[in-house]
Amino acid sequence: MEEAKGVVKHVLLAKFKDDTTPEQIEQLIKGYANLVNLIPPMKAFHWGKDVSIENLHQGFTHVFESTFESTEGIAEYIAHPAHVEFANLFLPSLDKVIVFDYKPTIVRC
């Protein structure tokens with residue numbers, strides 16, 4: 001197995017509070033996506049909604065994945081004023097959240 005050099009994925013699973021409207025969620029997603037334009041070590045952003053038929057989501061409805069150049073890049077992102085400001089808007093709208101950072105690993109058979 002071969003760990004990807006430098007690249008780190010930052011994954012956030014979210015369950016929005018019941019009183020968060022679809023319009024509010026859309027605005028929050030746009031704000032999250034815009035962080036790529038504001039925080040240099042954040043290289044990419046993707047998101048999606050749960051579509052699994054297995055019903056193992058434990059209430060989580062959305063996934064957000066960001067790509068960084070390094071673990072130091074994630075630290076810079078977390079401390080960046082644009083992230084802090086966004087987190088202060090985003091986190092209060094969540095009922096549950098999980099954050100997981102990992103280095104992608106290639107398996108060669």
# chains A, B, ... in the order shown; residues from 1 in each chain; ligands from 1
$ residues_around --residues "A:Ile74" --least-positions-apart "3" --cutoff "12 Å" --atoms "only C-alpha atoms" --output "PyMOL selection string"
chain A and resi 6-11+39-43+66-71+77-80+83+99-103
$ select_by_dssp --residues "chain A" --states "strand (DSSP E)" --output "PyMOL selection string"
chain A and resi 2-3+8-16+42-49+62-68+94-102+105-106
$ write_last_selection --atoms "N, CA and C atoms" --output "short mmCIF file (atom, residue, chain, number, x, y, z; two decimals), in the first residue's frame"
data_model
loop_
_atom_site.label_atom_id
_atom_site.label_comp_id
_atom_site.auth_asym_id
_atom_site.auth_seq_id
_atom_site.Cartn_x
_atom_site.Cartn_y
_atom_site.Cartn_z
N GLU A 2 0.39 2.25 -0.65
CA GLU A 2 1.19 3.46 -0.81
C GLU A 2 0.37 4.69 -0.42
N GLU A 3 0.82 5.36 0.64
CA GLU A 3 0.14 6.57 1.11
C GLU A 3 0.42 7.71 0.15
N VAL A 8 -4.03 15.51 1.82
CA VAL A 8 -4.86 15.12 2.96
C VAL A 8 -6.30 15.48 2.64
N LYS A 9 -7.21 14.55 2.91
CA LYS A 9 -8.64 14.78 2.73
C LYS A 9 -9.25 15.12 4.09
N HIS A 10 -10.13 16.10 4.09
CA HIS A 10 -10.83 16.57 5.29
C HIS A 10 -12.31 16.31 5.02
N VAL A 11 -12.89 15.36 5.75
CA VAL A 11 -14.27 14.96 5.52
C VAL A 11 -15.12 15.37 6.72
N LEU A 12 -16.25 16.00 6.42
CA LEU A 12 -17.19 16.41 7.46
C LEU A 12 -18.54 15.80 7.13
N LEU A 13 -19.08 15.01 8.05
CA LEU A 13 -20.44 14.47 7.93
C LEU A 13 -21.34 15.34 8.78
N ALA A 14 -22.50 15.72 8.22
CA ALA A 14 -23.38 16.64 8.92
C ALA A 14 -24.82 16.18 8.91
N LYS A 15 -25.51 16.47 10.00
CA LYS A 15 -26.96 16.39 10.08
C LYS A 15 -27.42 17.78 10.49
N PHE A 16 -28.14 18.43 9.60
CA PHE A 16 -28.64 19.76 9.92
C PHE A 16 -29.80 19.68 10.90
N MET A 42 -6.38 25.09 0.84
CA MET A 42 -7.57 24.31 0.49
C MET A 42 -7.63 24.24 -1.04
N LYS A 43 -7.39 23.05 -1.59
CA LYS A 43 -7.24 22.89 -3.03
C LYS A 43 -8.52 22.49 -3.76
N ALA A 44 -9.45 21.82 -3.08
CA ALA A 44 -10.68 21.36 -3.74
C ALA A 44 -11.77 21.16 -2.69
N PHE A 45 -13.02 21.20 -3.15
CA PHE A 45 -14.18 21.02 -2.28
C PHE A 45 -15.24 20.27 -3.06
N HIS A 46 -15.82 19.25 -2.43
CA HIS A 46 -16.95 18.50 -2.99
C HIS A 46 -17.97 18.26 -1.87
N TRP A 47 -19.20 18.11 -2.24
CA TRP A 47 -20.21 17.80 -1.24
C TRP A 47 -21.30 16.93 -1.88
N GLY A 48 -22.10 16.31 -1.04
CA GLY A 48 -23.22 15.52 -1.53
C GLY A 48 -24.16 15.17 -0.40
N LYS A 49 -25.32 14.63 -0.80
CA LYS A 49 -26.33 14.18 0.16
C LYS A 49 -26.37 12.66 0.16
N HIS A 62 -25.57 14.96 4.95
CA HIS A 62 -24.67 15.60 4.00
C HIS A 62 -23.22 15.23 4.29
N VAL A 63 -22.42 15.19 3.22
CA VAL A 63 -20.98 14.98 3.36
C VAL A 63 -20.27 16.12 2.62
N PHE A 64 -19.21 16.61 3.24
CA PHE A 64 -18.39 17.67 2.67
C PHE A 64 -16.95 17.20 2.69
N GLU A 65 -16.28 17.24 1.54
CA GLU A 65 -14.90 16.77 1.45
C GLU A 65 -14.03 17.87 0.87
N SER A 66 -12.98 18.21 1.59
CA SER A 66 -12.01 19.20 1.13
C SER A 66 -10.66 18.52 0.98
N THR A 67 -9.89 18.98 0.01
CA THR A 67 -8.56 18.45 -0.24
C THR A 67 -7.53 19.51 0.11
N PHE A 68 -6.51 19.08 0.85
CA PHE A 68 -5.44 19.98 1.29
C PHE A 68 -4.11 19.43 0.84
N LEU A 94 -26.07 22.80 12.82
CA LEU A 94 -25.93 21.34 12.80
C LEU A 94 -26.43 20.70 14.09
N ASP A 95 -27.08 19.57 13.91
CA ASP A 95 -27.52 18.75 15.03
C ASP A 95 -26.41 17.77 15.42
N LYS A 96 -25.71 17.23 14.39
CA LYS A 96 -24.63 16.27 14.60
C LYS A 96 -23.54 16.54 13.58
N VAL A 97 -22.30 16.29 13.97
CA VAL A 97 -21.18 16.48 13.05
C VAL A 97 -20.06 15.50 13.40
N ILE A 98 -19.39 14.99 12.36
CA ILE A 98 -18.18 14.20 12.50
C ILE A 98 -17.17 14.78 11.53
N VAL A 99 -15.94 14.96 11.99
CA VAL A 99 -14.86 15.42 11.11
C VAL A 99 -13.77 14.36 11.14
N PHE A 100 -13.27 14.02 9.95
CA PHE A 100 -12.27 12.96 9.81
C PHE A 100 -11.27 13.39 8.75
N ASP A 101 -10.00 13.41 9.09
CA ASP A 101 -8.94 13.74 8.15
C ASP A 101 -8.13 12.48 7.86
N TYR A 102 -7.79 12.29 6.58
CA TYR A 102 -7.00 11.11 6.24
C TYR A 102 -6.12 11.38 5.02
N THR A 105 -4.75 6.33 0.52
CA THR A 105 -3.78 5.25 0.36
C THR A 105 -4.17 4.41 -0.85
N ILE A 106 -3.20 4.17 -1.71
CA ILE A 106 -3.42 3.36 -2.90
C ILE A 106 -3.06 1.91 -2.57
#
$ closest_residue --among "A:Glu76, A:Leu89, A:Val36, A:Lys17" --to "A:Gly59" --atoms "only C-alpha atoms"
A:Lys17
$ residues_around --residues "stretch 26-29 of chain A" --least-positions-apart "4" --cutoff "8 Å" --atoms "only C-alpha atoms" --output "JSON list (two decimals) with C-alpha atoms, in the first residue's frame"
[["chain", "number", "residue", "atom", "x", "y", "z"],
["A", 22, "PRO", "CA", -33.36, 24.12, 2.46],
["A", 33, "ALA", "CA", -17.50, 26.02, -1.25],
["A", 89, "LEU", "CA", -22.34, 30.38, 10.97],
["A", 90, "PHE", "CA", -22.24, 26.72, 9.96]]
$ atom_distance --atom1 "atom CA of A:Val51" --atom2 "atom CA of A:Lys30"
20.6 Å
$ closest_residue --among "A:Cys109, A:Leu56, A:Leu35, A:Ala75" --to "A:Ala87" --atoms "only C-alpha atoms"
A:Leu35
$ atom_distance --atom1 "atom CA of A:Ser93" --atom2 "atom CA of A:Pro81"
19.3 Å
$ atom_distance --atom1 "atom CA of A:Leu91" --atom2 "atom CA of A:Asn37"
20.4 Å
